[in-house]
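Data block for my_file08.cif (mmCIF, C-alpha atoms):
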```
data_entry
#
loop_
_atom_site.label_atom_id
_atom_site.label_comp_id
_atom_site.auth_asym_id
_atom_site.auth_seq_id
_atom_site.Cartn_x
_atom_site.Cartn_y
_atom_site.Cartn_z
CA MET A 1 97.94 -4.15 -147.36
CA PHE A 2 95.62 -6.35 -145.25
CA GLY A 3 97.51 -9.63 -145.50
CA GLU A 4 95.77 -12.98 -145.17
CA HIS A 5 92.83 -11.48 -143.24
CA ALA A 6 91.69 -9.12 -146.00
CA ALA A 7 88.45 -11.16 -146.28
CA PHE A 8 87.51 -9.90 -142.79
CA ILE A 9 89.03 -6.40 -142.75
CA VAL A 10 87.62 -5.20 -146.09
CA PRO A 11 83.98 -6.24 -145.30
CA ALA A 12 84.26 -4.63 -141.83
CA TYR A 13 85.26 -1.28 -143.37
CA ALA A 14 82.78 -1.70 -146.24
CA ILE A 15 79.82 -2.37 -143.90
CA SER A 16 80.75 0.66 -141.77
CA PHE A 17 81.10 2.88 -144.84
CA VAL A 18 77.81 1.73 -146.37
CA ALA A 19 75.81 1.95 -143.12
CA LEU A 20 77.09 5.40 -142.14
CA SER A 21 76.85 6.83 -145.68
CA LEU A 22 73.32 5.49 -146.05
CA THR A 23 72.27 6.97 -142.69
CA THR A 24 73.70 10.36 -143.70
CA ALA A 25 72.14 10.22 -147.18
CA ILE A 26 68.70 9.27 -145.82
CA THR A 27 68.86 12.09 -143.23
CA ILE A 28 69.74 14.66 -145.93
CA TRP A 29 67.04 13.29 -148.27
CA ILE A 30 64.36 13.52 -145.54
CA TYR A 31 65.41 17.14 -144.85
CA HIS A 32 64.97 18.15 -148.49
CA ALA A 33 61.71 16.20 -148.83
CA ARG A 34 60.26 17.99 -145.78
CA LEU A 35 61.40 21.41 -146.98
CA THR A 36 59.67 20.74 -150.31
CA GLU A 37 56.50 19.61 -148.52
CA ILE A 38 56.47 22.78 -146.39
CA GLN A 39 56.93 24.89 -149.51
CA THR A 40 54.03 23.10 -151.21
CA LEU A 41 51.80 23.59 -148.15
CA GLU A 42 52.75 27.30 -147.99
CA GLU A 43 51.84 27.71 -151.68
CA GLN A 44 48.50 25.90 -151.17
CA LYS A 45 47.73 28.20 -148.24
CA HIS A 46 48.02 31.29 -150.42
CA LYS A 47 46.27 29.75 -153.45
CA PRO A 48 42.45 30.31 -153.49
CA ARG A 49 40.44 27.10 -153.49
CA GLU A 50 38.13 26.11 -156.40
CA SER A 51 35.01 27.07 -154.39
CA GLU A 52 36.39 30.55 -153.65
CA ARG A 53 37.03 31.43 -157.32
CA MET B 1 80.82 35.64 -112.55
CA THR B 2 79.55 33.47 -109.67
CA THR B 3 78.80 29.75 -110.06
CA ASP B 4 75.07 30.46 -109.68
CA THR B 5 75.20 33.01 -112.51
CA VAL B 6 77.06 30.51 -114.75
CA ILE B 7 74.48 27.80 -114.03
CA GLU B 8 71.61 30.26 -114.65
CA THR B 9 73.19 31.41 -117.95
CA LYS B 10 73.67 27.81 -119.12
CA ALA B 11 70.11 26.92 -118.13
CA SER B 12 68.69 29.95 -119.93
CA ASN B 13 70.74 29.06 -123.06
CA LEU B 14 69.27 25.54 -122.95
CA TRP B 15 65.75 26.89 -122.57
CA GLY B 16 66.44 29.44 -125.31
CA LEU B 17 66.92 26.54 -127.71
CA ALA B 18 63.47 25.24 -126.73
CA ASN B 19 62.15 27.74 -129.26
CA PRO B 20 62.09 25.73 -132.54
CA THR B 21 63.00 28.77 -134.69
CA ARG B 22 66.00 29.52 -132.48
CA PHE B 23 67.00 25.82 -132.52
CA MET B 24 66.76 25.71 -136.33
CA GLY B 25 69.05 28.76 -136.49
CA PHE B 26 71.53 27.13 -134.13
CA ALA B 27 71.38 23.84 -136.11
CA SER B 28 71.96 25.53 -139.46
CA ARG B 29 75.09 27.20 -138.04
CA ALA B 30 76.40 24.13 -136.17
CA ILE B 31 75.80 21.41 -138.80
CA PRO B 32 78.31 22.65 -141.43
CA VAL B 33 81.01 23.12 -138.75
CA LEU B 34 80.38 19.65 -137.29
CA ALA B 35 80.22 18.04 -140.74
CA ALA B 36 83.55 19.61 -141.74
CA GLY B 37 85.12 18.48 -138.44
CA THR B 38 83.76 14.94 -138.99
CA ALA B 39 85.16 14.78 -142.54
CA ILE B 40 88.63 15.96 -141.46
CA LEU B 41 88.75 13.57 -138.48
CA LEU B 42 87.54 10.64 -140.64
CA VAL B 43 90.12 11.25 -143.36
CA VAL B 44 92.99 11.55 -140.85
CA GLY B 45 91.68 8.63 -138.75
CA ILE B 46 91.25 6.25 -141.71
CA TYR B 47 94.66 7.21 -143.13
CA MET B 48 96.35 6.52 -139.77
CA SER B 49 94.35 3.29 -139.29
CA MET B 50 95.42 2.00 -142.70
CA ASN B 51 99.06 2.76 -141.91
CA ALA B 52 99.05 1.28 -138.39
CA PRO B 53 101.67 -1.45 -138.01
CA GLU B 54 100.78 -5.15 -137.83
CA ASP B 55 100.13 -6.43 -134.31
CA TYR B 56 102.44 -9.26 -133.20
CA GLN B 57 99.43 -11.40 -132.21
CA GLN B 58 96.54 -10.18 -134.34
CA GLY B 59 98.40 -9.25 -137.51
CA HIS B 60 96.45 -6.90 -139.81
CA THR B 61 93.10 -7.68 -138.13
CA VAL B 62 94.01 -5.06 -135.52
CA LYS B 63 92.78 -2.55 -138.15
CA ILE B 64 89.19 -3.65 -137.40
CA MET B 65 89.67 -2.26 -133.87
CA PHE B 66 89.72 1.31 -135.28
CA ILE B 67 86.12 1.01 -136.47
CA HIS B 68 84.78 -1.56 -133.99
CA VAL B 69 85.72 0.16 -130.72
CA PRO B 70 84.37 3.65 -131.69
CA ALA B 71 81.10 2.06 -132.87
CA ALA B 72 80.80 0.21 -129.55
CA TYR B 73 81.52 3.42 -127.60
CA LEU B 74 78.85 5.27 -129.55
CA ALA B 75 76.33 2.45 -129.00
CA VAL B 76 76.63 3.08 -125.25
CA ILE B 77 77.12 6.89 -125.33
CA VAL B 78 74.04 7.42 -127.53
CA TYR B 79 71.93 5.43 -125.08
CA ALA B 80 73.31 7.52 -122.19
CA ILE B 81 72.32 10.68 -124.14
CA MET B 82 68.85 9.19 -124.66
CA CYS B 83 68.56 8.56 -120.90
CA THR B 84 69.47 12.22 -120.24
CA SER B 85 66.85 13.27 -122.80
CA ALA B 86 64.32 11.00 -121.08
CA LEU B 87 65.02 12.80 -117.79
CA GLY B 88 64.63 16.07 -119.69
CA THR B 89 61.15 14.96 -120.76
CA LEU B 90 60.03 13.58 -117.40
CA ILE B 91 61.57 16.10 -114.97
CA TRP B 92 62.21 19.36 -116.81
CA ARG B 93 59.61 18.88 -119.58
CA HIS B 94 62.01 20.45 -122.06
CA PRO B 95 60.23 20.57 -125.44
CA LEU B 96 63.31 19.39 -127.35
CA ALA B 97 64.10 16.49 -124.98
CA ASP B 98 61.56 14.21 -126.66
CA VAL B 99 62.78 15.28 -130.12
CA SER B 100 66.34 14.47 -129.03
CA LEU B 101 65.35 11.07 -127.61
CA ARG B 102 63.32 9.82 -130.58
CA THR B 103 65.88 11.00 -133.17
CA ALA B 104 68.90 9.53 -131.34
CA ALA B 105 67.43 5.99 -131.26
CA PRO B 106 67.87 5.09 -134.98
CA ILE B 107 71.41 6.50 -135.00
CA GLY B 108 72.24 4.53 -131.84
CA ALA B 109 70.82 1.39 -133.48
CA VAL B 110 73.10 1.89 -136.50
CA PHE B 111 76.21 2.22 -134.29
CA THR B 112 75.18 -0.84 -132.23
CA PHE B 113 74.63 -2.85 -135.41
CA LEU B 114 78.10 -1.79 -136.61
CA ALA B 115 79.67 -2.77 -133.27
CA LEU B 116 78.07 -6.23 -133.56
CA ALA B 117 78.88 -6.72 -137.27
CA THR B 118 82.51 -5.52 -137.11
CA GLY B 119 82.99 -7.42 -133.83
CA SER B 120 81.81 -10.58 -135.52
CA LEU B 121 84.20 -9.99 -138.44
CA TRP B 122 87.03 -9.46 -135.95
CA GLY B 123 86.00 -12.45 -133.82
CA LYS B 124 86.09 -15.05 -136.58
CA PRO B 125 89.84 -14.82 -137.36
CA MET B 126 90.81 -14.17 -133.70
CA TRP B 127 88.52 -16.43 -131.69
CA GLY B 128 87.59 -18.88 -134.45
CA THR B 129 83.87 -18.06 -134.14
CA TRP B 130 81.48 -15.44 -135.54
CA TRP B 131 79.45 -15.34 -132.34
CA GLU B 132 79.71 -16.43 -128.72
CA TRP B 133 76.96 -16.06 -126.11
CA ASP B 134 79.28 -14.35 -123.66
CA ALA B 135 78.27 -11.49 -121.35
CA ARG B 136 79.63 -8.57 -123.44
CA LEU B 137 78.30 -9.77 -126.79
CA THR B 138 74.91 -10.78 -125.42
CA SER B 139 74.41 -7.52 -123.49
CA VAL B 140 75.22 -5.47 -126.63
CA LEU B 141 72.76 -7.60 -128.63
CA VAL B 142 70.12 -6.87 -125.97
CA LEU B 143 70.95 -3.14 -126.32
CA PHE B 144 70.38 -3.42 -130.08
CA ILE B 145 66.98 -5.07 -129.49
CA VAL B 146 66.10 -2.31 -126.98
CA TYR B 147 66.96 0.32 -129.62
CA LEU B 148 64.68 -1.42 -132.14
CA GLY B 149 61.90 -1.61 -129.53
CA LEU B 150 62.19 2.12 -128.79
CA ILE B 151 62.10 2.97 -132.51
CA ALA B 152 58.95 0.83 -132.88
CA LEU B 153 57.38 2.51 -129.82
CA SER B 154 58.13 6.00 -131.15
CA LYS B 155 56.33 5.11 -134.40
CA ALA B 156 53.34 3.51 -132.65
CA PHE B 157 51.57 6.77 -131.79
CA ASP B 158 49.83 9.09 -134.28
CA GLU B 159 50.43 12.13 -132.07
CA PRO B 160 54.18 12.48 -131.25
CA SER B 161 53.51 14.20 -127.91
CA GLU B 162 51.52 11.15 -126.72
CA ALA B 163 54.59 8.94 -127.22
CA ALA B 164 56.92 11.22 -125.22
CA TRP B 165 56.15 9.92 -121.74
CA PRO B 166 56.07 6.14 -122.51
CA LEU B 167 59.20 6.53 -124.63
CA ALA B 168 61.06 8.29 -121.80
CA VAL B 169 59.98 5.68 -119.24
CA MET B 170 60.94 2.76 -121.51
CA THR B 171 64.32 4.36 -122.24
CA LEU B 172 65.09 4.69 -118.53
CA THR B 173 64.01 1.06 -118.01
CA GLY B 174 66.86 0.03 -120.30
CA ALA B 175 69.44 2.20 -118.47
CA PRO B 176 70.79 -0.65 -116.25
CA LEU B 177 72.12 -2.21 -119.46
CA LEU B 178 74.86 0.44 -119.65
CA PRO B 179 76.82 -0.56 -116.50
CA ILE B 180 76.23 -4.23 -117.39
CA ILE B 181 77.82 -3.69 -120.84
CA LYS B 182 80.68 -1.62 -119.37
CA TRP B 183 81.67 -4.03 -116.60
CA SER B 184 80.51 -7.34 -118.14
CA VAL B 185 84.12 -8.12 -119.05
CA ASP B 186 85.15 -7.64 -115.39
CA TRP B 187 82.16 -9.29 -113.70
CA TRP B 188 82.11 -12.43 -115.83
CA ASN B 189 84.71 -14.61 -117.43
CA THR B 190 84.24 -13.62 -121.07
CA LEU B 191 85.88 -14.31 -124.40
CA HIS B 192 85.81 -10.57 -125.07
CA GLN B 193 88.91 -8.59 -124.11
CA PRO B 194 88.81 -5.98 -121.28
CA ALA B 195 88.76 -2.17 -121.79
CA SER B 196 90.62 -1.21 -125.00
CA LEU B 197 91.45 2.47 -124.70
CA ALA B 198 92.56 2.87 -121.10
CA LYS B 199 93.23 0.79 -118.05
CA PHE B 200 93.70 2.55 -114.71
CA GLY B 201 93.65 5.91 -116.53
CA LYS B 202 96.69 5.05 -118.70
CA PRO B 203 96.67 4.02 -122.39
CA SER B 204 96.67 0.23 -122.65
CA MET B 205 98.38 0.21 -126.06
CA PRO B 206 101.26 1.89 -127.91
CA PRO B 207 100.68 5.31 -129.58
CA ASP B 208 100.71 3.65 -133.05
CA TYR B 209 97.30 2.19 -132.15
CA TYR B 210 96.15 4.58 -129.44
CA ILE B 211 96.26 7.79 -131.52
CA PRO B 212 94.34 6.48 -134.60
CA LEU B 213 91.81 4.87 -132.26
CA LEU B 214 91.31 8.15 -130.40
CA ILE B 215 90.93 10.09 -133.68
CA MET B 216 88.42 7.55 -135.04
CA ALA B 217 86.48 7.70 -131.75
CA LEU B 218 86.34 11.52 -132.05
CA ALA B 219 85.30 11.21 -135.72
CA TYR B 220 82.44 8.86 -134.84
CA MET B 221 81.39 11.18 -132.00
CA ALA B 222 81.39 14.21 -134.34
CA LEU B 223 79.44 12.19 -136.92
CA PHE B 224 76.85 11.29 -134.30
CA PHE B 225 76.37 14.93 -133.23
CA THR B 226 76.07 16.00 -136.88
CA LEU B 227 73.48 13.30 -137.66
CA HIS B 228 71.63 13.95 -134.41
CA LEU B 229 71.28 17.69 -135.07
CA MET B 230 70.19 16.96 -138.66
CA SER B 231 67.60 14.42 -137.48
CA MET B 232 66.30 16.79 -134.79
CA ARG B 233 65.88 19.45 -137.47
CA ASN B 234 63.98 16.89 -139.61
CA GLU B 235 61.70 16.01 -136.69
CA ILE B 236 60.90 19.69 -136.04
CA LEU B 237 60.06 20.11 -139.73
CA ALA B 238 57.81 17.00 -139.56
CA ARG B 239 55.93 18.54 -136.62
CA ARG B 240 55.61 21.83 -138.50
CA ILE B 241 54.15 19.95 -141.50
CA ARG B 242 51.73 18.13 -139.23
CA SER B 243 50.54 21.34 -137.60
CA MET B 244 50.18 23.07 -141.00
CA LYS B 245 48.09 20.14 -142.30
CA MET B 246 45.90 20.18 -139.19
CA LYS B 247 45.40 23.96 -139.46
CA SER B 248 44.49 23.62 -143.11
CA ALA B 249 42.05 20.75 -142.37
CA ARG B 250 40.47 22.81 -139.56
CA SER B 251 40.04 25.86 -141.78
CA ARG B 252 38.47 23.68 -144.48
CA GLY B 253 36.09 22.24 -141.89
CA ALA B 254 35.11 25.78 -140.81
CA CYS B 255 34.21 26.80 -144.40
#
```
Encoded form (structure tokens):
Amino acid sequence: MFGEHAAFIVPAYAISFVALSLTTAITIWIYHARLTEIQTLEEQKHKPRESER
Amino acid sequence: MTTDTVIETKASNLWGLANPTRFMGFASRAIPVLAAGTAILLVVGIYMSMNAPEDYQQGHTVKIMFIHVPAAYLAVIVYAIMCTSALGTLIWRHPLADVSLRTAAPIGAVFTFLALATGSLWGKPMWGTWWEWDARLTSVLVLFIVYLGLIALSKAFDEPSEAAWPLAVMTLTGAPLLPIIKWSVDWWNTLHQPASLAKFGKPSMPPDYYIPLLIMALAYMALFFTLHLMSMRNEILARRIRSMKMKSARSRGAC
């Protein structure tokens, strides 16, 4: 499919795939991590502290 | 509708998005549409790229063009978007301009890295070298370093709003790189070929190459806008977390 230059074409596509997939995955992971953190902070806000019990 | 009314409507829409809640609503509607568009364009683009005929000079290595050229376009386009965002911070003081600028930089760096890496993998079989210090290659490498510098600068401040002004100024300082990259192949005698997609407004290649290249360029563009909106949403959430933590620390201090 790529002829004698497969050793250059395959890595070029592989690097692009890995870099772009990783960027997308990290962005999605950060989004979920931040949503979880906000949820935790919201719960803490409504929970009475030890001193208030 | 008069031109003034159109401009006013567009401006008010832009300022409407300055409200983070409204922007988050817009992002949550736009991201799935953009992501679906990106996926469709990528599948079609990669399929057409894989089935493109062998070039009489370059053989199968012409397939690298379909990922190298869009990455190089995005490297430059993202920086141009960052310059517009910098103007948005400095002139119009739009609250989302700084968010747009700082979140575009890492994505621009990834595309610039890909342009350099795939270019190198294309250069070796075609030119016989992985790297040549010619004007186009060197100016793109400088752009990559500028991206890394801007990312470092954006992380150097504890308070994000303090970084907005220096970040905008530094971004605009790098703006002259864009015309240098664009016309480096015309101004200097370089190993790099001239413009790929169009010369004098006409396609410079047969449709077998031109159409997949155009589709891949659109796919990369759609991917950038998807990632950019997602990153902007992440940055707004980070600022919300920061303000919640500060509020909580203040209320604890008051007790």
Excluding Ile9 of chain A and any residue of its chain fewer than 2 positions from it, enumerate the residues within 9 Å of it, using all atoms listed in the file, and give them as a PDB file with C-alpha atoms, keeping the file's coordinate frame.
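result24.pdb written:
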```pdb
ATOM      1  CA  PHE A   2      95.620  -6.350-145.250  1.00  0.00           C
ATOM      2  CA  HIS A   5      92.830 -11.480-143.240  1.00  0.00           C
ATOM      3  CA  ALA A   6      91.690  -9.120-146.000  1.00  0.00           C
ATOM      4  CA  ALA A   7      88.450 -11.160-146.280  1.00  0.00           C
ATOM      5  CA  PRO A  11      83.980  -6.240-145.300  1.00  0.00           C
ATOM      6  CA  ALA A  12      84.260  -4.630-141.830  1.00  0.00           C
ATOM      7  CA  TYR A  13      85.260  -1.280-143.370  1.00  0.00           C
ATOM      8  CA  ALA A  14      82.780  -1.700-146.240  1.00  0.00           C
TER       9      ALA A  14
ATOM     10  CA  HIS B  60      96.450  -6.900-139.810  1.00  0.00           C
ATOM     11  CA  THR B  61      93.100  -7.680-138.130  1.00  0.00           C
ATOM     12  CA  VAL B  62      94.010  -5.060-135.520  1.00  0.00           C
ATOM     13  CA  LYS B  63      92.780  -2.550-138.150  1.00  0.00           C
ATOM     14  CA  ILE B  64      89.190  -3.650-137.400  1.00  0.00           C
ATOM     15  CA  THR B 118      82.510  -5.520-137.110  1.00  0.00           C
ATOM     16  CA  LEU B 121      84.200  -9.990-138.440  1.00  0.00           C
ATOM     17  CA  TRP B 122      87.030  -9.460-135.950  1.00  0.00           C
TER      18      TRP B 122
END
```
* Measure the distance from atom CA of Ala152 of chain B to atom CA of Phe26 of chain B in Å and round it to one decimal. => 29.2 Å
* To do: May I have the protein, DNA and RNA residues with an atom at most 12 Å from (79.7, 2.4, -135.1), counting all atoms listed in the file in the file's coordinates, returned as a ChimeraX atom specification?
  => /A:12-13,15-21,23 /B:64-78,107-119,216-224
Can you write just those residues out, C-alpha atoms, as a CSV table (one decimal), in the coordinates of the input?
```csv
chain,number,residue,atom,x,y,z
A,12,ALA,CA,84.3,-4.6,-141.8
A,13,TYR,CA,85.3,-1.3,-143.4
A,15,ILE,CA,79.8,-2.4,-143.9
A,16,SER,CA,80.8,0.7,-141.8
A,17,PHE,CA,81.1,2.9,-144.8
A,18,VAL,CA,77.8,1.7,-146.4
A,19,ALA,CA,75.8,2.0,-143.1
A,20,LEU,CA,77.1,5.4,-142.1
A,21,SER,CA,76.8,6.8,-145.7
A,23,THR,CA,72.3,7.0,-142.7
B,64,ILE,CA,89.2,-3.6,-137.4
B,65,MET,CA,89.7,-2.3,-133.9
B,66,PHE,CA,89.7,1.3,-135.3
B,67,ILE,CA,86.1,1.0,-136.5
B,68,HIS,CA,84.8,-1.6,-134.0
B,69,VAL,CA,85.7,0.2,-130.7
B,70,PRO,CA,84.4,3.6,-131.7
B,71,ALA,CA,81.1,2.1,-132.9
B,72,ALA,CA,80.8,0.2,-129.6
B,73,TYR,CA,81.5,3.4,-127.6
B,74,LEU,CA,78.8,5.3,-129.6
B,75,ALA,CA,76.3,2.4,-129.0
B,76,VAL,CA,76.6,3.1,-125.2
B,77,ILE,CA,77.1,6.9,-125.3
B,78,VAL,CA,74.0,7.4,-127.5
B,107,ILE,CA,71.4,6.5,-135.0
B,108,GLY,CA,72.2,4.5,-131.8
B,109,ALA,CA,70.8,1.4,-133.5
B,110,VAL,CA,73.1,1.9,-136.5
B,111,PHE,CA,76.2,2.2,-134.3
B,112,THR,CA,75.2,-0.8,-132.2
B,113,PHE,CA,74.6,-2.8,-135.4
B,114,LEU,CA,78.1,-1.8,-136.6
B,115,ALA,CA,79.7,-2.8,-133.3
B,116,LEU,CA,78.1,-6.2,-133.6
B,117,ALA,CA,78.9,-6.7,-137.3
B,118,THR,CA,82.5,-5.5,-137.1
B,119,GLY,CA,83.0,-7.4,-133.8
B,216,MET,CA,88.4,7.6,-135.0
B,217,ALA,CA,86.5,7.7,-131.8
B,218,LEU,CA,86.3,11.5,-132.0
B,219,ALA,CA,85.3,11.2,-135.7
B,220,TYR,CA,82.4,8.9,-134.8
B,221,MET,CA,81.4,11.2,-132.0
B,222,ALA,CA,81.4,14.2,-134.3
B,223,LEU,CA,79.4,12.2,-136.9
B,224,PHE,CA,76.8,11.3,-134.3
```
* Taking (52.1, 25.3, -146.3) in the file's own coordinates, collect the residues within 12 Å, counting all atoms listed in the file, and hand them back as a ChimeraX atom specification. => /A:34-47 /B:237,240-249
Prev. selection, C-alpha atoms, output as a PDB file, in the frame of the given file:
```pdb
ATOM      1  CA  ARG A  34      60.260  17.990-145.780  1.00  0.00           C
ATOM      2  CA  LEU A  35      61.400  21.410-146.980  1.00  0.00           C
ATOM      3  CA  THR A  36      59.670  20.740-150.310  1.00  0.00           C
ATOM      4  CA  GLU A  37      56.500  19.610-148.520  1.00  0.00           C
ATOM      5  CA  ILE A  38      56.470  22.780-146.390  1.00  0.00           C
ATOM      6  CA  GLN A  39      56.930  24.890-149.510  1.00  0.00           C
ATOM      7  CA  THR A  40      54.030  23.100-151.210  1.00  0.00           C
ATOM      8  CA  LEU A  41      51.800  23.590-148.150  1.00  0.00           C
ATOM      9  CA  GLU A  42      52.750  27.300-147.990  1.00  0.00           C
ATOM     10  CA  GLU A  43      51.840  27.710-151.680  1.00  0.00           C
ATOM     11  CA  GLN A  44      48.500  25.900-151.170  1.00  0.00           C
ATOM     12  CA  LYS A  45      47.730  28.200-148.240  1.00  0.00           C
ATOM     13  CA  HIS A  46      48.020  31.290-150.420  1.00  0.00           C
ATOM     14  CA  LYS A  47      46.270  29.750-153.450  1.00  0.00           C
TER      15      LYS A  47
ATOM     16  CA  LEU B 237      60.060  20.110-139.730  1.00  0.00           C
ATOM     17  CA  ARG B 240      55.610  21.830-138.500  1.00  0.00           C
ATOM     18  CA  ILE B 241      54.150  19.950-141.500  1.00  0.00           C
ATOM     19  CA  ARG B 242      51.730  18.130-139.230  1.00  0.00           C
ATOM     20  CA  SER B 243      50.540  21.340-137.600  1.00  0.00           C
ATOM     21  CA  MET B 244      50.180  23.070-141.000  1.00  0.00           C
ATOM     22  CA  LYS B 245      48.090  20.140-142.300  1.00  0.00           C
ATOM     23  CA  MET B 246      45.900  20.180-139.190  1.00  0.00           C
ATOM     24  CA  LYS B 247      45.400  23.960-139.460  1.00  0.00           C
ATOM     25  CA  SER B 248      44.490  23.620-143.110  1.00  0.00           C
ATOM     26  CA  ALA B 249      42.050  20.750-142.370  1.00  0.00           C
TER      27      ALA B 249
END
```
* Who sits within 12 Å of Glu132 of chain B, all atoms listed in the file, same chain under 4 positions skipped, as a PyMOL selection string -> chain B and resi 116+119-120+123-124+127-128+136-139+141+190-192
Using the selection just defined, write its residues with C-alpha atoms as a PDB file, keeping the file's coordinate frame.
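Writing the result to selection29.pdb gives the following:
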```pdb
ATOM      1  CA  LEU B 116      78.070  -6.230-133.560  1.00  0.00           C
ATOM      2  CA  GLY B 119      82.990  -7.420-133.830  1.00  0.00           C
ATOM      3  CA  SER B 120      81.810 -10.580-135.520  1.00  0.00           C
ATOM      4  CA  GLY B 123      86.000 -12.450-133.820  1.00  0.00           C
ATOM      5  CA  LYS B 124      86.090 -15.050-136.580  1.00  0.00           C
ATOM      6  CA  TRP B 127      88.520 -16.430-131.690  1.00  0.00           C
ATOM      7  CA  GLY B 128      87.590 -18.880-134.450  1.00  0.00           C
ATOM      8  CA  ARG B 136      79.630  -8.570-123.440  1.00  0.00           C
ATOM      9  CA  LEU B 137      78.300  -9.770-126.790  1.00  0.00           C
ATOM     10  CA  THR B 138      74.910 -10.780-125.420  1.00  0.00           C
ATOM     11  CA  SER B 139      74.410  -7.520-123.490  1.00  0.00           C
ATOM     12  CA  LEU B 141      72.760  -7.600-128.630  1.00  0.00           C
ATOM     13  CA  THR B 190      84.240 -13.620-121.070  1.00  0.00           C
ATOM     14  CA  LEU B 191      85.880 -14.310-124.400  1.00  0.00           C
ATOM     15  CA  HIS B 192      85.810 -10.570-125.070  1.00  0.00           C
TER      16      HIS B 192
END
```
* To do: Name the closest residue to Leu41 of chain B among the candidates B:Tyr147, B:Gly174, B:Leu214, B:Ile81; distances are taken between atoms, counting all atoms listed in the file.
  =>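 The answer is B:Leu214, which sits nearest to Leu41 of chain B.
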* Pick from B:Pro179, B:Pro166, B:Pro160, B:Pro106: nearest to Thr24 of chain A, with only C-alpha atoms counted? ->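 Among B:Pro179, B:Pro166, B:Pro160, B:Pro106, it is B:Pro106 that comes nearest to Thr24 of chain A.
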* Quick one: apply the PyMOL selection byres ((chain B and resi 86) around 12) to the file and drop the selected residues here as a PyMOL selection string. => chain B and resi 79-85+87-102+104-105+150+163-175
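Atom CA of Leu143 of chain B is positioned 7.0 Å from atom CA of Leu177 of chain B.
Going from atom CA of Ile215 of chain B to atom CA of Gly45 of chain B covers 5.3 Å.
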* So which residues touch Gln58 of chain B within 9 Å, counting only C-alpha atoms, skipping near sequence neighbours fewer than 4 positions away, as a list of chain:residue names? -> B:Glu54, B:Val62, B:Pro125, B:Met126
Mind dumping the selected residues with C-alpha atoms as a tab-separated table (two decimals), in the coordinates of the input?
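Contents of again-v2.tsv, freshly written:
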```
chain	number	residue	atom	x	y	z
B	54	GLU	CA	100.78	-5.15	-137.83
B	62	VAL	CA	94.01	-5.06	-135.52
B	125	PRO	CA	89.84	-14.82	-137.36
B	126	MET	CA	90.81	-14.17	-133.70
```
* Asked: the PyMOL selection byres ((chain A and resi 27) around 8) on the file shown: which residues, as a ChimeraX atom specification?
  -> /A:23-26,28-31 /B:227,230-231,234
* Please write as a ChimeraX atom specification the full residue list that the PyMOL selection byres ((chain B and resi 23) around 12) yields on this file. => /B:13-22,24-31,95-96,99-100,229-230,232-237
* May I ask which of the residues B:Asn189, B:Thr129, B:Ser161, B:Asn51 is the closest one to chain A, counting only C-alpha atoms? => B:Asn51
Filled-in N, CA and C atoms of segment 29-40 of chain B, supplied as a PDB file, keeping the file's coordinate frame:
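Printed below is result00.pdb as written:
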```pdb
ATOM      1  N   ARG B  29      73.717  26.701-138.211  1.00  0.00           N
ATOM      2  CA  ARG B  29      75.090  27.200-138.040  1.00  0.00           C
ATOM      3  C   ARG B  29      76.031  26.077-137.620  1.00  0.00           C
ATOM      4  N   ALA B  30      75.536  25.165-136.745  1.00  0.00           N
ATOM      5  CA  ALA B  30      76.400  24.130-136.170  1.00  0.00           C
ATOM      6  C   ALA B  30      76.666  22.962-137.126  1.00  0.00           C
ATOM      7  N   ILE B  31      75.655  22.602-137.946  1.00  0.00           N
ATOM      8  CA  ILE B  31      75.800  21.410-138.800  1.00  0.00           C
ATOM      9  C   ILE B  31      76.980  21.503-139.770  1.00  0.00           C
ATOM     10  N   PRO B  32      77.156  22.607-140.514  1.00  0.00           N
ATOM     11  CA  PRO B  32      78.310  22.650-141.430  1.00  0.00           C
ATOM     12  C   PRO B  32      79.661  22.538-140.701  1.00  0.00           C
ATOM     13  N   VAL B  33      79.753  23.175-139.522  1.00  0.00           N
ATOM     14  CA  VAL B  33      81.010  23.120-138.750  1.00  0.00           C
ATOM     15  C   VAL B  33      81.274  21.681-138.300  1.00  0.00           C
ATOM     16  N   LEU B  34      80.236  21.036-137.746  1.00  0.00           N
ATOM     17  CA  LEU B  34      80.380  19.650-137.290  1.00  0.00           C
ATOM     18  C   LEU B  34      80.687  18.700-138.442  1.00  0.00           C
ATOM     19  N   ALA B  35      80.007  18.920-139.579  1.00  0.00           N
ATOM     20  CA  ALA B  35      80.220  18.040-140.740  1.00  0.00           C
ATOM     21  C   ALA B  35      81.658  18.170-141.250  1.00  0.00           C
ATOM     22  N   ALA B  36      82.163  19.410-141.285  1.00  0.00           N
ATOM     23  CA  ALA B  36      83.550  19.610-141.740  1.00  0.00           C
ATOM     24  C   ALA B  36      84.521  18.946-140.769  1.00  0.00           C
ATOM     25  N   GLY B  37      84.273  19.121-139.471  1.00  0.00           N
ATOM     26  CA  GLY B  37      85.120  18.480-138.440  1.00  0.00           C
ATOM     27  C   GLY B  37      85.102  16.962-138.587  1.00  0.00           C
ATOM     28  N   THR B  38      83.908  16.402-138.817  1.00  0.00           N
ATOM     29  CA  THR B  38      83.760  14.940-138.990  1.00  0.00           C
ATOM     30  C   THR B  38      84.592  14.475-140.181  1.00  0.00           C
ATOM     31  N   ALA B  39      84.454  15.195-141.314  1.00  0.00           N
ATOM     32  CA  ALA B  39      85.160  14.780-142.540  1.00  0.00           C
ATOM     33  C   ALA B  39      86.672  14.796-142.318  1.00  0.00           C
ATOM     34  N   ILE B  40      87.178  15.860-141.686  1.00  0.00           N
ATOM     35  CA  ILE B  40      88.630  15.960-141.460  1.00  0.00           C
ATOM     36  C   ILE B  40      89.092  14.826-140.530  1.00  0.00           C
TER      37      ILE B  40
END
```
